[in-house]
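S.K.: Supplied structure: protein03.cif, mmCIF, C-alpha atoms.
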data_target
#
loop_
_atom_site.group_PDB
_atom_site.id
_atom_site.type_symbol
_atom_site.label_atom_id
_atom_site.label_comp_id
_atom_site.auth_asym_id
_atom_site.auth_seq_id
_atom_site.Cartn_x
_atom_site.Cartn_y
_atom_site.Cartn_z
ATOM 1 C CA MET A 30 24.398 -43.572 24.833
ATOM 2 C CA LYS A 31 21.559 -41.728 23.049
ATOM 3 C CA LYS A 32 19.144 -39.811 25.199
ATOM 4 C CA LYS A 33 15.487 -40.804 24.930
ATOM 5 C CA ILE A 34 13.896 -37.363 25.039
ATOM 6 C CA ILE A 35 11.002 -37.425 22.603
ATOM 7 C CA THR A 36 8.321 -38.734 25.006
ATOM 8 C CA SER A 37 9.219 -36.068 27.528
ATOM 9 C CA ILE A 38 8.972 -33.394 24.858
ATOM 10 C CA PHE A 39 5.460 -34.484 23.892
ATOM 11 C CA ILE A 40 4.351 -34.351 27.520
ATOM 12 C CA ILE A 41 5.596 -30.777 27.734
ATOM 13 C CA VAL A 42 4.135 -29.726 24.395
ATOM 14 C CA LEU A 43 0.653 -31.079 25.048
ATOM 15 C CA THR A 44 0.337 -28.360 27.677
ATOM 16 C CA LEU A 45 1.088 -25.694 25.080
ATOM 17 C CA SER A 46 -1.358 -26.419 22.261
ATOM 18 C CA LEU A 47 -4.554 -24.779 22.439
ATOM 19 C CA PRO A 48 -7.132 -22.326 21.642
ATOM 20 C CA ILE A 49 -8.683 -22.651 18.250
ATOM 21 C CA SER A 50 -9.223 -18.972 17.418
ATOM 22 C CA ALA A 51 -7.166 -17.251 14.742
ATOM 23 C CA SER A 52 -4.855 -14.447 15.770
ATOM 24 C CA GLN A 53 -6.214 -10.939 15.275
ATOM 25 C CA GLY A 54 -2.640 -9.661 14.876
ATOM 26 C CA LEU A 55 -1.959 -11.490 11.615
ATOM 27 C CA SER A 56 -3.710 -11.404 8.220
ATOM 28 C CA VAL A 57 -3.349 -13.151 4.877
ATOM 29 C CA GLY A 58 -1.190 -10.958 2.658
ATOM 30 C CA ASP A 59 0.925 -9.578 5.501
ATOM 31 C CA SER A 60 4.582 -9.518 4.499
ATOM 32 C CA PHE A 61 7.823 -9.133 6.432
ATOM 33 C CA THR A 62 11.463 -8.828 5.427
ATOM 34 C CA PHE A 63 14.311 -10.653 7.157
ATOM 35 C CA VAL A 64 18.075 -10.301 6.768
ATOM 36 C CA VAL A 65 20.682 -13.057 7.057
ATOM 37 C CA LYS A 66 23.081 -11.773 9.739
ATOM 38 C CA SER A 67 25.443 -14.738 9.959
ATOM 39 C CA ALA A 68 25.965 -18.154 8.404
ATOM 40 C CA THR A 69 29.048 -20.311 8.939
ATOM 41 C CA GLY A 70 29.631 -23.982 9.541
ATOM 42 C CA ASN A 71 32.510 -26.444 9.739
ATOM 43 C CA PHE A 72 31.766 -30.122 10.258
ATOM 44 C CA GLU A 73 33.589 -33.422 10.685
ATOM 45 C CA TYR A 74 31.419 -35.981 12.443
ATOM 46 C CA ILE A 75 29.905 -39.457 12.051
ATOM 47 C CA ASN A 76 26.359 -40.446 13.010
ATOM 48 C CA GLY A 77 25.894 -44.164 12.422
ATOM 49 C CA ALA A 78 26.336 -44.787 8.697
ATOM 50 C CA THR A 79 26.326 -41.067 7.895
ATOM 51 C CA THR A 80 29.553 -39.084 7.669
ATOM 52 C CA VAL A 81 29.301 -35.292 7.428
ATOM 53 C CA SER A 82 32.372 -33.362 6.354
ATOM 54 C CA GLY A 83 32.804 -29.868 4.942
ATOM 55 C CA GLU A 84 32.350 -26.184 5.570
ATOM 56 C CA THR A 85 29.939 -23.494 4.467
ATOM 57 C CA LYS A 86 29.248 -19.779 4.546
ATOM 58 C CA LYS A 87 25.671 -20.123 3.317
ATOM 59 C CA PHE A 88 22.305 -19.763 5.092
ATOM 60 C CA ARG A 89 19.868 -22.481 4.049
ATOM 61 C CA VAL A 90 16.257 -21.775 3.046
ATOM 62 C CA GLY A 91 14.551 -24.833 1.612
ATOM 63 C CA SER A 92 17.352 -26.414 -0.400
ATOM 64 C CA THR A 93 18.982 -23.092 -1.358
ATOM 65 C CA GLY A 94 22.037 -21.531 0.259
ATOM 66 C CA LEU A 95 22.097 -17.727 0.599
ATOM 67 C CA SER A 96 25.001 -15.449 1.475
ATOM 68 C CA LYS A 97 25.280 -13.248 4.556
ATOM 69 C CA GLY A 98 23.309 -10.041 3.976
ATOM 70 C CA ALA A 99 20.673 -11.685 1.793
ATOM 71 C CA SER A 100 17.055 -10.576 2.241
ATOM 72 C CA LEU A 101 14.102 -12.900 2.761
ATOM 73 C CA ASP A 102 10.566 -11.718 1.979
ATOM 74 C CA VAL A 103 7.998 -13.699 3.951
ATOM 75 C CA GLU A 104 4.304 -13.404 3.008
ATOM 76 C CA VAL A 105 1.372 -14.973 4.888
ATOM 77 C CA THR A 106 -0.672 -17.081 2.453
ATOM 78 C CA SER A 107 -3.205 -18.780 4.728
ATOM 79 C CA ILE A 108 -4.463 -18.690 8.320
ATOM 80 C CA GLY A 109 -6.519 -21.481 9.856
ATOM 81 C CA SER A 110 -7.829 -22.039 13.360
ATOM 82 C CA SER A 111 -4.514 -23.514 14.467
ATOM 83 C CA ASN A 112 -2.145 -23.127 11.525
ATOM 84 C CA VAL A 113 -0.512 -20.570 9.277
ATOM 85 C CA GLY A 114 1.047 -20.892 5.820
ATOM 86 C CA PHE A 115 3.593 -18.561 4.265
ATOM 87 C CA ASP A 116 5.993 -18.194 1.353
ATOM 88 C CA ILE A 117 9.685 -17.388 1.794
ATOM 89 C CA LYS A 118 11.173 -15.551 -1.193
ATOM 90 C CA ASN A 119 14.541 -14.148 -2.208
ATOM 91 C CA ASN A 120 14.586 -11.632 -5.067
ATOM 92 C CA GLY A 121 11.103 -12.740 -6.093
ATOM 93 C CA THR A 122 11.901 -16.458 -6.174
ATOM 94 C CA THR A 123 9.963 -18.682 -3.770
ATOM 95 C CA LEU A 124 12.417 -20.870 -1.845
ATOM 96 C CA ALA A 125 10.037 -22.530 0.635
ATOM 97 C CA SER A 126 6.326 -22.585 1.516
ATOM 98 C CA PRO A 127 5.978 -23.954 5.080
ATOM 99 C CA THR A 128 2.756 -24.588 6.967
ATOM 100 C CA ASN A 129 3.025 -24.184 10.713
ATOM 101 C CA ASN A 130 0.571 -25.551 13.296
ATOM 102 C CA GLY A 131 0.366 -25.171 17.050
ATOM 103 C CA LEU A 132 1.550 -28.624 18.120
ATOM 104 C CA LEU A 133 4.352 -28.778 15.563
ATOM 105 C CA PHE A 134 5.605 -25.307 16.442
ATOM 106 C CA ALA A 135 5.598 -25.838 20.196
ATOM 107 C CA LEU A 136 7.313 -29.218 19.821
ATOM 108 C CA SER A 137 9.907 -27.897 17.399
ATOM 109 C CA LEU A 138 10.717 -24.812 19.466
ATOM 110 C CA ILE A 139 11.848 -27.100 22.274
ATOM 111 C CA LEU A 140 13.331 -29.832 20.101
ATOM 112 C CA TYR A 141 15.443 -27.563 17.899
ATOM 113 C CA THR A 142 17.215 -25.962 20.824
ATOM 114 C CA LEU A 143 19.087 -29.313 20.778
ATOM 115 C CA TYR A 144 19.572 -29.326 16.995
ATOM 116 C CA PRO A 145 23.363 -30.010 16.889
ATOM 117 C CA PHE A 146 23.003 -32.889 19.367
ATOM 118 C CA LEU A 147 20.196 -34.364 17.268
ATOM 119 C CA VAL A 148 22.097 -34.287 13.962
ATOM 120 C CA MET A 149 25.202 -35.743 15.630
ATOM 121 C CA GLY A 150 23.213 -38.553 17.248
ATOM 122 C CA ILE A 151 23.970 -37.552 20.834
ATOM 123 C CA SER A 152 20.218 -37.055 21.394
ATOM 124 C CA GLU A 153 17.406 -38.892 19.633
ATOM 125 C CA GLY A 154 15.117 -37.146 17.186
ATOM 126 C CA ASP A 155 13.911 -37.288 13.587
ATOM 127 C CA VAL A 156 16.305 -34.728 12.098
ATOM 128 C CA GLY A 157 18.178 -35.160 8.826
ATOM 129 C CA PRO A 158 21.951 -34.742 8.607
ATOM 130 C CA ILE A 159 23.479 -31.370 7.789
ATOM 131 C CA ASP A 160 24.362 -30.812 4.127
ATOM 132 C CA PRO A 161 27.197 -28.238 4.048
ATOM 133 C CA THR A 162 26.656 -27.706 0.313
ATOM 134 C CA LYS A 163 23.230 -26.185 1.094
ATOM 135 C CA GLY A 164 24.244 -24.157 4.141
ATOM 136 C CA VAL A 165 23.145 -23.934 7.764
ATOM 137 C CA SER A 166 19.965 -22.783 9.523
ATOM 138 C CA LEU A 167 17.330 -24.132 11.899
ATOM 139 C CA GLY A 168 14.850 -24.697 9.088
ATOM 140 C CA ASP A 169 11.944 -22.770 7.589
ATOM 141 C CA ILE A 170 9.028 -22.937 10.026
ATOM 142 C CA TRP A 171 10.161 -20.194 12.395
ATOM 143 C CA TYR A 172 9.293 -16.995 10.537
ATOM 144 C CA ILE A 173 5.595 -16.932 11.437
ATOM 145 C CA ALA A 174 4.216 -18.558 14.594
ATOM 146 C CA PRO A 175 0.804 -20.279 14.350
ATOM 147 C CA PRO A 176 -2.231 -18.410 15.680
ATOM 148 C CA SER A 177 -3.071 -21.113 18.253
ATOM 149 C CA ILE A 178 0.079 -20.448 20.302
ATOM 150 C CA VAL A 179 -0.553 -19.009 23.770
ATOM 151 C CA TRP A 180 2.620 -17.092 24.569
ATOM 152 C CA THR A 181 2.078 -17.083 28.330
ATOM 153 C CA ASP A 182 1.913 -20.894 28.273
ATOM 154 C CA VAL A 183 5.138 -21.128 26.281
ATOM 155 C CA TYR A 184 6.788 -18.680 28.690
ATOM 156 C CA ASP A 185 5.633 -20.683 31.713
ATOM 157 C CA SER A 186 6.977 -23.895 30.179
ATOM 158 C CA PHE A 187 10.441 -22.429 29.683
ATOM 159 C CA GLU A 188 10.516 -20.929 33.159
ATOM 160 C CA ASN A 189 9.315 -24.119 34.891
ATOM 161 C CA THR A 190 12.514 -26.056 35.662
ATOM 162 C CA THR A 191 10.498 -29.253 36.189
ATOM 163 C CA ASN A 192 9.677 -29.293 32.475
ATOM 164 C CA TRP A 193 13.377 -29.255 31.643
ATOM 165 C CA ASP A 194 14.408 -31.998 34.085
ATOM 166 C CA PRO A 195 14.309 -34.727 31.372
ATOM 167 C CA PHE A 196 16.847 -32.766 29.342
ATOM 168 C CA PHE A 197 19.147 -32.009 32.268
ATOM 169 C CA THR A 198 18.951 -35.624 33.417
ATOM 170 C CA ALA A 199 20.104 -36.776 29.985
ATOM 171 C CA TYR A 200 23.345 -34.861 30.331
ATOM 172 C CA ASN A 201 23.845 -36.150 33.856
ATOM 173 C CA GLN A 202 24.984 -39.428 32.259
ATOM 174 C CA SER A 203 28.199 -37.614 31.414
ATOM 175 C CA GLU A 204 31.105 -38.462 33.709
ATOM 176 C CA ALA A 205 32.336 -34.867 33.425
ATOM 177 C CA ASP A 206 30.351 -31.718 34.172
ATOM 178 C CA MET A 207 27.823 -29.950 31.973
ATOM 179 C CA THR A 208 26.002 -26.718 32.676
ATOM 180 C CA VAL A 209 22.592 -26.442 30.977
ATOM 181 C CA GLN A 210 20.402 -23.349 31.348
ATOM 182 C CA THR A 211 17.048 -22.203 29.976
ATOM 183 C CA SER A 212 15.230 -18.887 30.267
ATOM 184 C CA ALA A 213 12.335 -16.926 28.828
ATOM 185 C CA THR A 214 12.172 -13.117 29.032
ATOM 186 C CA TRP A 215 9.513 -10.538 28.189
ATOM 187 C CA TYR A 216 10.555 -7.272 26.545
ATOM 188 C CA ASP A 217 8.787 -4.153 25.252
ATOM 189 C CA GLY A 218 5.929 -4.291 27.740
ATOM 190 C CA GLY A 219 5.142 -7.900 26.843
ATOM 191 C CA GLU A 220 5.195 -7.416 23.071
ATOM 192 C CA THR A 221 8.453 -9.338 22.598
ATOM 193 C CA LEU A 222 9.315 -12.717 24.099
ATOM 194 C CA SER A 223 12.744 -14.388 23.974
ATOM 195 C CA PHE A 224 13.641 -18.027 24.586
ATOM 196 C CA VAL A 225 17.213 -19.062 25.394
ATOM 197 C CA VAL A 226 18.820 -22.476 25.881
ATOM 198 C CA SER A 227 22.537 -22.921 26.487
ATOM 199 C CA ALA A 228 24.864 -25.785 27.363
ATOM 200 C CA SER A 229 28.577 -25.780 28.096
ATOM 201 C CA GLY A 230 31.260 -27.960 29.619
ATOM 202 C CA ASN A 231 32.654 -31.414 28.944
ATOM 203 C CA TYR A 232 30.602 -34.410 27.861
ATOM 204 C CA LEU A 233 32.444 -37.605 28.799
ATOM 205 C CA ILE A 234 31.437 -41.276 28.613
ATOM 206 C CA ALA A 235 34.671 -43.234 28.858
ATOM 207 C CA ALA A 236 33.125 -46.621 28.022
ATOM 208 C CA GLU A 237 31.979 -45.222 24.667
ATOM 209 C CA SER A 238 35.290 -43.413 23.945
ATOM 210 C CA THR A 239 33.399 -40.120 24.043
ATOM 211 C CA ASP A 240 35.029 -36.941 25.330
ATOM 212 C CA LEU A 241 33.662 -33.686 23.924
ATOM 213 C CA ALA A 242 34.145 -30.028 24.833
ATOM 214 C CA ILE A 243 30.889 -28.172 24.172
ATOM 215 C CA ILE A 244 29.534 -24.656 24.012
ATOM 216 C CA HIS A 245 26.013 -24.251 22.676
ATOM 217 C CA SER A 246 23.510 -21.395 22.635
ATOM 218 C CA VAL A 247 20.163 -20.950 20.860
ATOM 219 C CA GLU A 248 17.986 -17.855 21.195
ATOM 220 C CA PHE A 249 14.623 -17.014 19.598
ATOM 221 C CA HIS A 250 12.776 -13.658 19.752
ATOM 222 C CA TYR A 251 9.098 -13.324 18.790
ATOM 223 C CA ASN A 252 6.623 -10.455 18.521
ATOM 224 C CA THR A 253 3.677 -11.744 20.539
ATOM 225 C CA THR A 254 1.192 -9.399 18.851
ATOM 226 C CA SER A 255 1.982 -10.084 15.208
ATOM 227 C CA TYR A 256 3.246 -13.673 15.796
ATOM 228 C CA VAL A 257 6.289 -12.797 13.701
ATOM 229 C CA LEU A 258 9.827 -13.949 14.389
ATOM 230 C CA GLN A 259 12.071 -11.059 15.365
ATOM 231 C CA GLY A 260 15.120 -13.251 14.919
ATOM 232 C CA TYR A 261 17.023 -16.313 16.046
ATOM 233 C CA ASP A 262 20.687 -17.102 16.597
ATOM 234 C CA ILE A 263 22.452 -20.419 17.101
ATOM 235 C CA LEU A 264 26.105 -20.795 18.036
ATOM 236 C CA THR A 265 27.570 -24.241 18.685
ATOM 237 C CA ILE A 266 31.147 -25.452 19.047
ATOM 238 C CA ILE A 267 31.755 -29.151 19.742
ATOM 239 C CA SER A 268 35.222 -30.691 19.614
ATOM 240 C CA GLY A 269 36.842 -33.950 20.736
ATOM 241 C CA ASP A 270 36.065 -37.643 20.289
ATOM 242 C CA TYR A 271 32.591 -39.099 19.875
ATOM 243 C CA LYS A 272 32.373 -42.898 20.087
ATOM 244 C CA GLY A 273 36.045 -43.123 19.175
ATOM 245 C CA ASP A 274 35.834 -40.827 16.132
ATOM 246 C CA SER A 275 37.577 -37.468 16.004
ATOM 247 C CA THR A 276 34.741 -34.954 15.897
ATOM 248 C CA SER A 277 34.310 -31.253 15.259
ATOM 249 C CA PHE A 278 31.068 -29.334 14.846
ATOM 250 C CA SER A 279 30.976 -25.552 14.645
ATOM 251 C CA MET A 280 27.913 -23.653 13.485
ATOM 252 C CA ASN A 281 26.614 -20.092 13.661
ATOM 253 C CA ALA A 282 23.413 -18.972 11.970
ATOM 254 C CA GLU A 283 21.461 -15.778 12.610
ATOM 255 C CA VAL A 284 18.500 -14.226 10.828
ATOM 256 C CA ALA A 285 16.520 -11.185 12.006
ATOM 257 C CA GLU A 286 13.544 -9.089 10.927
ATOM 258 C CA GLN A 287 15.080 -6.079 9.153
ATOM 259 C CA SER A 288 13.862 -3.413 11.580
ATOM 260 C CA TYR A 289 14.621 -5.346 14.779
ATOM 261 C CA THR A 290 17.543 -3.840 16.683
ATOM 262 C CA ARG A 291 17.795 -5.829 19.937
ATOM 263 C CA ARG A 292 20.843 -8.078 20.126
ATOM 264 C CA ILE A 293 20.126 -11.778 19.639
ATOM 265 C CA GLY A 294 22.472 -14.550 20.662
ATOM 266 C CA ILE A 295 25.667 -15.046 22.569
ATOM 267 C CA GLU A 296 28.045 -12.229 23.502
ATOM 268 C CA PRO A 297 31.510 -12.023 21.875
ATOM 269 C CA LEU A 298 33.197 -12.887 25.192
ATOM 270 C CA ALA A 299 31.311 -16.165 25.245
ATOM 271 C CA LEU A 300 32.527 -16.891 21.735
ATOM 272 C CA ILE A 301 36.105 -16.534 22.979
ATOM 273 C CA LEU A 302 35.173 -18.893 25.802
ATOM 274 C CA GLY A 303 33.910 -21.298 23.166
ATOM 275 C CA VAL A 304 37.262 -21.325 21.411
ATOM 276 C CA ILE A 305 38.933 -22.123 24.735
ATOM 277 C CA LEU A 306 36.401 -24.869 25.368
ATOM 278 C CA SER A 307 36.900 -26.386 21.939
ATOM 279 C CA SER A 308 40.617 -26.742 22.664
ATOM 280 C CA GLY A 309 39.810 -28.749 25.784
ATOM 281 C CA VAL A 310 41.547 -26.258 28.107
ATOM 282 C CA LEU A 311 38.581 -25.315 30.247
ATOM 283 C CA VAL A 312 36.262 -27.602 32.200
ATOM 284 C CA VAL A 313 33.033 -26.205 33.642
ATOM 285 C CA ILE A 314 32.629 -27.730 37.071
ATOM 286 C CA LYS A 315 29.319 -26.340 38.274
ATOM 287 C CA LYS A 316 25.952 -27.791 37.368
ATOM 288 C CA ARG A 317 23.076 -25.364 37.424
ATOM 289 C CA LYS A 318 19.465 -25.223 36.337
ATOM 290 C CA GLU A 319 17.797 -21.896 35.690
#
Could you show the structure in this file as structure tokens?
M.R.:
Amino acid sequence: MKKKIITSIFIIVLTLSLPISASQGLSVGDSFTFVVKSATGNFEYINGATTVSGETKKFRVGSTGLSKGASLDVEVTSIGSSNVGFDIKNNGTTLASPTNNGLLFALSLILYTLYPFLVMGISEGDVGPIDPTKGVSLGDIWYIAPPSIVWTDVYDSFENTTNWDPFFTAYNQSEADMTVQTSATWYDGGETLSFVVSASGNYLIAAESTDLAIIHSVEFHYNTTSYVLQGYDILTIISGDYKGDSTSFSMNAEVAEQSYTRRIGIEPLALILGVILSSGVLVVIKKRKE
């Protein structure tokens, strides 16, 4: 059964949109360099009439796949009262030119923590299927946050467990046990803010012939002064049967600003745990909200 989450997301996000003054920490012409740290994917799943099958070692920007180690040059091209535009280039070639606004960014930051569940159809959302020939990523809007974002509001939203109840409740329909956690953490005297969402355990709905072992982690880091992404990492392993179809979904994508040294994403031990989970050996039996 798909989870109707979009209305709840909008309720949360409307509390995050707000001031209409441009950030003093960001100027047109500012440029930043990012490095692709990881990009792998292996997929075999069906979502309605769409079948996705294949593997990749490319990181997607726009419709282009880049190899691990590739550099991305991101330049701010416009700043409005509540939006920011920028170009993403590789070796001088423009690959994407996103425009980011406050409402879209705040909505997407929450929505895309569930990205694998959206593309598989486990949760509802307007997200296109993965194309392994183009690579994996969480899209192009993340590199520069819009100037209307109030970081303390975003932090409070992630830390307020009431805001996440609609998401936890969705997984409570499983007949097995899922652990879902969220957290936001300040670093560097408040100059860096991280957002983390993770889910693990077994997702079981016997009447739909669904029995999946899942490990999932998404983490974003932002510089709250410059509004620049410091990096994000997504690691997801899903294996089992979904609505009677044999299903596997494994994805890891990480990109980071070239001078950023703090670790982003899941620890290696958790990756080993993910392999165990994907084989169906381990069942997480404790539900917890954080």
S.K.: Can you list, as a list in words, every protein, DNA or RNA residue that comes within 6 Å of stretch 226-234 of chain A when you count all atoms listed in the file, leaving out same-chain residues fewer than 2 positions away?
M.R.: Ser203, Glu204, Ala205, Asp206, Met207, Thr208, Val209, Gln210, Thr211, Ala236, Glu237, Thr239, Asp240, Leu241, Ala242, Ile243, Ile244, His245, Ser246, Val247, Val312 and Val313 of chain A
S.K.: Please save C-alpha atoms of the selected residues as a PDB file, in the coordinates of the input.
M.R.:
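Ended up saving to part30.pdb:
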ATOM      1  CA  SER A 203      28.199 -37.614  31.414  1.00  0.00           C
ATOM      2  CA  GLU A 204      31.105 -38.462  33.709  1.00  0.00           C
ATOM      3  CA  ALA A 205      32.336 -34.867  33.425  1.00  0.00           C
ATOM      4  CA  ASP A 206      30.351 -31.718  34.172  1.00  0.00           C
ATOM      5  CA  MET A 207      27.823 -29.950  31.973  1.00  0.00           C
ATOM      6  CA  THR A 208      26.002 -26.718  32.676  1.00  0.00           C
ATOM      7  CA  VAL A 209      22.592 -26.442  30.977  1.00  0.00           C
ATOM      8  CA  GLN A 210      20.402 -23.349  31.348  1.00  0.00           C
ATOM      9  CA  THR A 211      17.048 -22.203  29.976  1.00  0.00           C
ATOM     10  CA  ALA A 236      33.125 -46.621  28.022  1.00  0.00           C
ATOM     11  CA  GLU A 237      31.979 -45.222  24.667  1.00  0.00           C
ATOM     12  CA  THR A 239      33.399 -40.120  24.043  1.00  0.00           C
ATOM     13  CA  ASP A 240      35.029 -36.941  25.330  1.00  0.00           C
ATOM     14  CA  LEU A 241      33.662 -33.686  23.924  1.00  0.00           C
ATOM     15  CA  ALA A 242      34.145 -30.028  24.833  1.00  0.00           C
ATOM     16  CA  ILE A 243      30.889 -28.172  24.172  1.00  0.00           C
ATOM     17  CA  ILE A 244      29.534 -24.656  24.012  1.00  0.00           C
ATOM     18  CA  HIS A 245      26.013 -24.251  22.676  1.00  0.00           C
ATOM     19  CA  SER A 246      23.510 -21.395  22.635  1.00  0.00           C
ATOM     20  CA  VAL A 247      20.163 -20.950  20.860  1.00  0.00           C
ATOM     21  CA  VAL A 312      36.262 -27.602  32.200  1.00  0.00           C
ATOM     22  CA  VAL A 313      33.033 -26.205  33.642  1.00  0.00           C
TER      23      VAL A 313
END
S.K.: What gap, in Å, lies between atom CA of A:Ala125 and atom CA of A:Asp169?
M.R.: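 A separation of 7.2 Å between them.
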S.K.: Find the residues near A:Lys86: any atom within 12 Å, counting all atoms listed in the file, skip ones fewer than 4 places away on the same chain, and give them as a PyMOL selection string.
M.R.: chain A and resi 65-71+94-98+161-166+279-283
S.K.: Go through A:Gly91, A:Gly121, A:Gly77, A:Gly269 and flag the residue nearest A:Met149, using only C-alpha atoms for the distances.
M.R.: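 The shortest atom-to-atom distance to A:Met149 comes from A:Gly77.
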S.K.: Find the spatial neighbours of A:Ser212, counting only C-alpha atoms, within a cut-off of 10 Å - ignore same-chain residues fewer than 4 positions away - and output them as a list in words.
M.R.: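 Here the answer would be Tyr184, Asp185, Ser186, Phe187, Glu188, Asn189, Thr190, Ser223, Phe224, Val225, Val226, Ser227, Glu248, Lys318 and Glu319 of chain A.
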S.K.: Quick check on the file I pasted: which residues fall under the PyMOL selection byres ((chain A and resi 63) around 8)? Write them as a list of chain:residue names.
M.R.: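 After applying the PyMOL selection byres ((chain A and resi 63) around 8), what remains is A:Phe61, A:Thr62, A:Val64, A:Val65, A:Ser100, A:Leu101, A:Asp102, A:Val103, A:Val284, A:Ala285, A:Glu286, A:Gln287.
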S.K.: Find the residues around A:Pro175 up to 9 Å (only C-alpha atoms counted), leave out those fewer than 2 positions away in its own chain, and share them as number ranges by chain.
M.R.: A: 51-52, 108-114, 128-131, 134, 173, 177-178, 256
S.K.: What is the distance, in Å and to one decimal place, between atom CA of A:Ala135 and atom CA of A:Phe115?
M.R.: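 A separation of 17.6 Å between them.
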S.K.: Go through the shown structure with the PyMOL selection byres ((chain A and resi 171) around 10) and write out the matching residues as a list in words.
M.R.: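 Answer for the PyMOL selection byres ((chain A and resi 171) around 10): Pro127, Asn129, Phe134, Ser137, Leu138, Leu167, Gly168, Asp169, Ile170, Tyr172, Ile173, Ala174, Pro175, Phe249, Tyr251, Val257, Leu258, Gln259, Gly260 and Tyr261 of chain A.
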S.K.: Take the residues from that selection and write them out as a CSV table (one decimal), keeping the file's coordinate frame, keeping C-alpha atoms.
M.R.:
chain,number,residue,atom,x,y,z
A,127,PRO,CA,6.0,-24.0,5.1
A,129,ASN,CA,3.0,-24.2,10.7
A,134,PHE,CA,5.6,-25.3,16.4
A,137,SER,CA,9.9,-27.9,17.4
A,138,LEU,CA,10.7,-24.8,19.5
A,167,LEU,CA,17.3,-24.1,11.9
A,168,GLY,CA,14.8,-24.7,9.1
A,169,ASP,CA,11.9,-22.8,7.6
A,170,ILE,CA,9.0,-22.9,10.0
A,172,TYR,CA,9.3,-17.0,10.5
A,173,ILE,CA,5.6,-16.9,11.4
A,174,ALA,CA,4.2,-18.6,14.6
A,175,PRO,CA,0.8,-20.3,14.4
A,249,PHE,CA,14.6,-17.0,19.6
A,251,TYR,CA,9.1,-13.3,18.8
A,257,VAL,CA,6.3,-12.8,13.7
A,258,LEU,CA,9.8,-13.9,14.4
A,259,GLN,CA,12.1,-11.1,15.4
A,260,GLY,CA,15.1,-13.3,14.9
A,261,TYR,CA,17.0,-16.3,16.0
S.K.: In the coordinate frame of the file, compute which residues have an atom within 8 Å of (2.7, -8.1, 12.9) when using only C-alpha atoms, and state them as an MDAnalysis selection string.
M.R.: chainID A and resid 54:55 59 252 254:257
S.K.: Quick one: pull the distance between atom CA of A:Val105 and atom CA of A:Leu133, Å, one decimal.
M.R.: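 If I compute the distance from atom CA of A:Val105 to atom CA of A:Leu133, I get 17.7 Å.
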S.K.: Pick the closest to A:Ser268 from A:Tyr216, A:Tyr141, A:Phe72, A:Phe88: which is it, counting all atoms listed in the file?
M.R.: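 So, comparing all the options, the nearest one is A:Phe72.
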S.K.: Between A:Val90, A:Leu124, A:Leu264, A:Leu222, which has the minimum distance to A:Val179 (counting only C-alpha atoms)?
M.R.: A:Leu222
S.K.: I need the residue set behind the PyMOL selection byres ((chain A and resi 272-274) around 7) for this file; please write it as a PyMOL selection string.
M.R.: chain A and resi 237-239+270-271+275-276
S.K.: Take the residues just selected and output them with C-alpha atoms as a PDB file, keeping the file's coordinate frame.
M.R.:
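This is the output file part-v2.pdb:
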ATOM      1  CA  GLU A 237      31.979 -45.222  24.667  1.00  0.00           C
ATOM      2  CA  SER A 238      35.290 -43.413  23.945  1.00  0.00           C
ATOM      3  CA  THR A 239      33.399 -40.120  24.043  1.00  0.00           C
ATOM      4  CA  ASP A 270      36.065 -37.643  20.289  1.00  0.00           C
ATOM      5  CA  TYR A 271      32.591 -39.099  19.875  1.00  0.00           C
ATOM      6  CA  SER A 275      37.577 -37.468  16.004  1.00  0.00           C
ATOM      7  CA  THR A 276      34.741 -34.954  15.897  1.00  0.00           C
TER       8      THR A 276
END
S.K.: Which one of A:Thr79, A:Thr106, A:Ser277, A:Thr122 sits closest to A:Ser60 if you count only C-alpha atoms?
M.R.: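 Nearest candidate to A:Ser60 out of A:Thr79, A:Thr106, A:Ser277, A:Thr122: A:Thr106.
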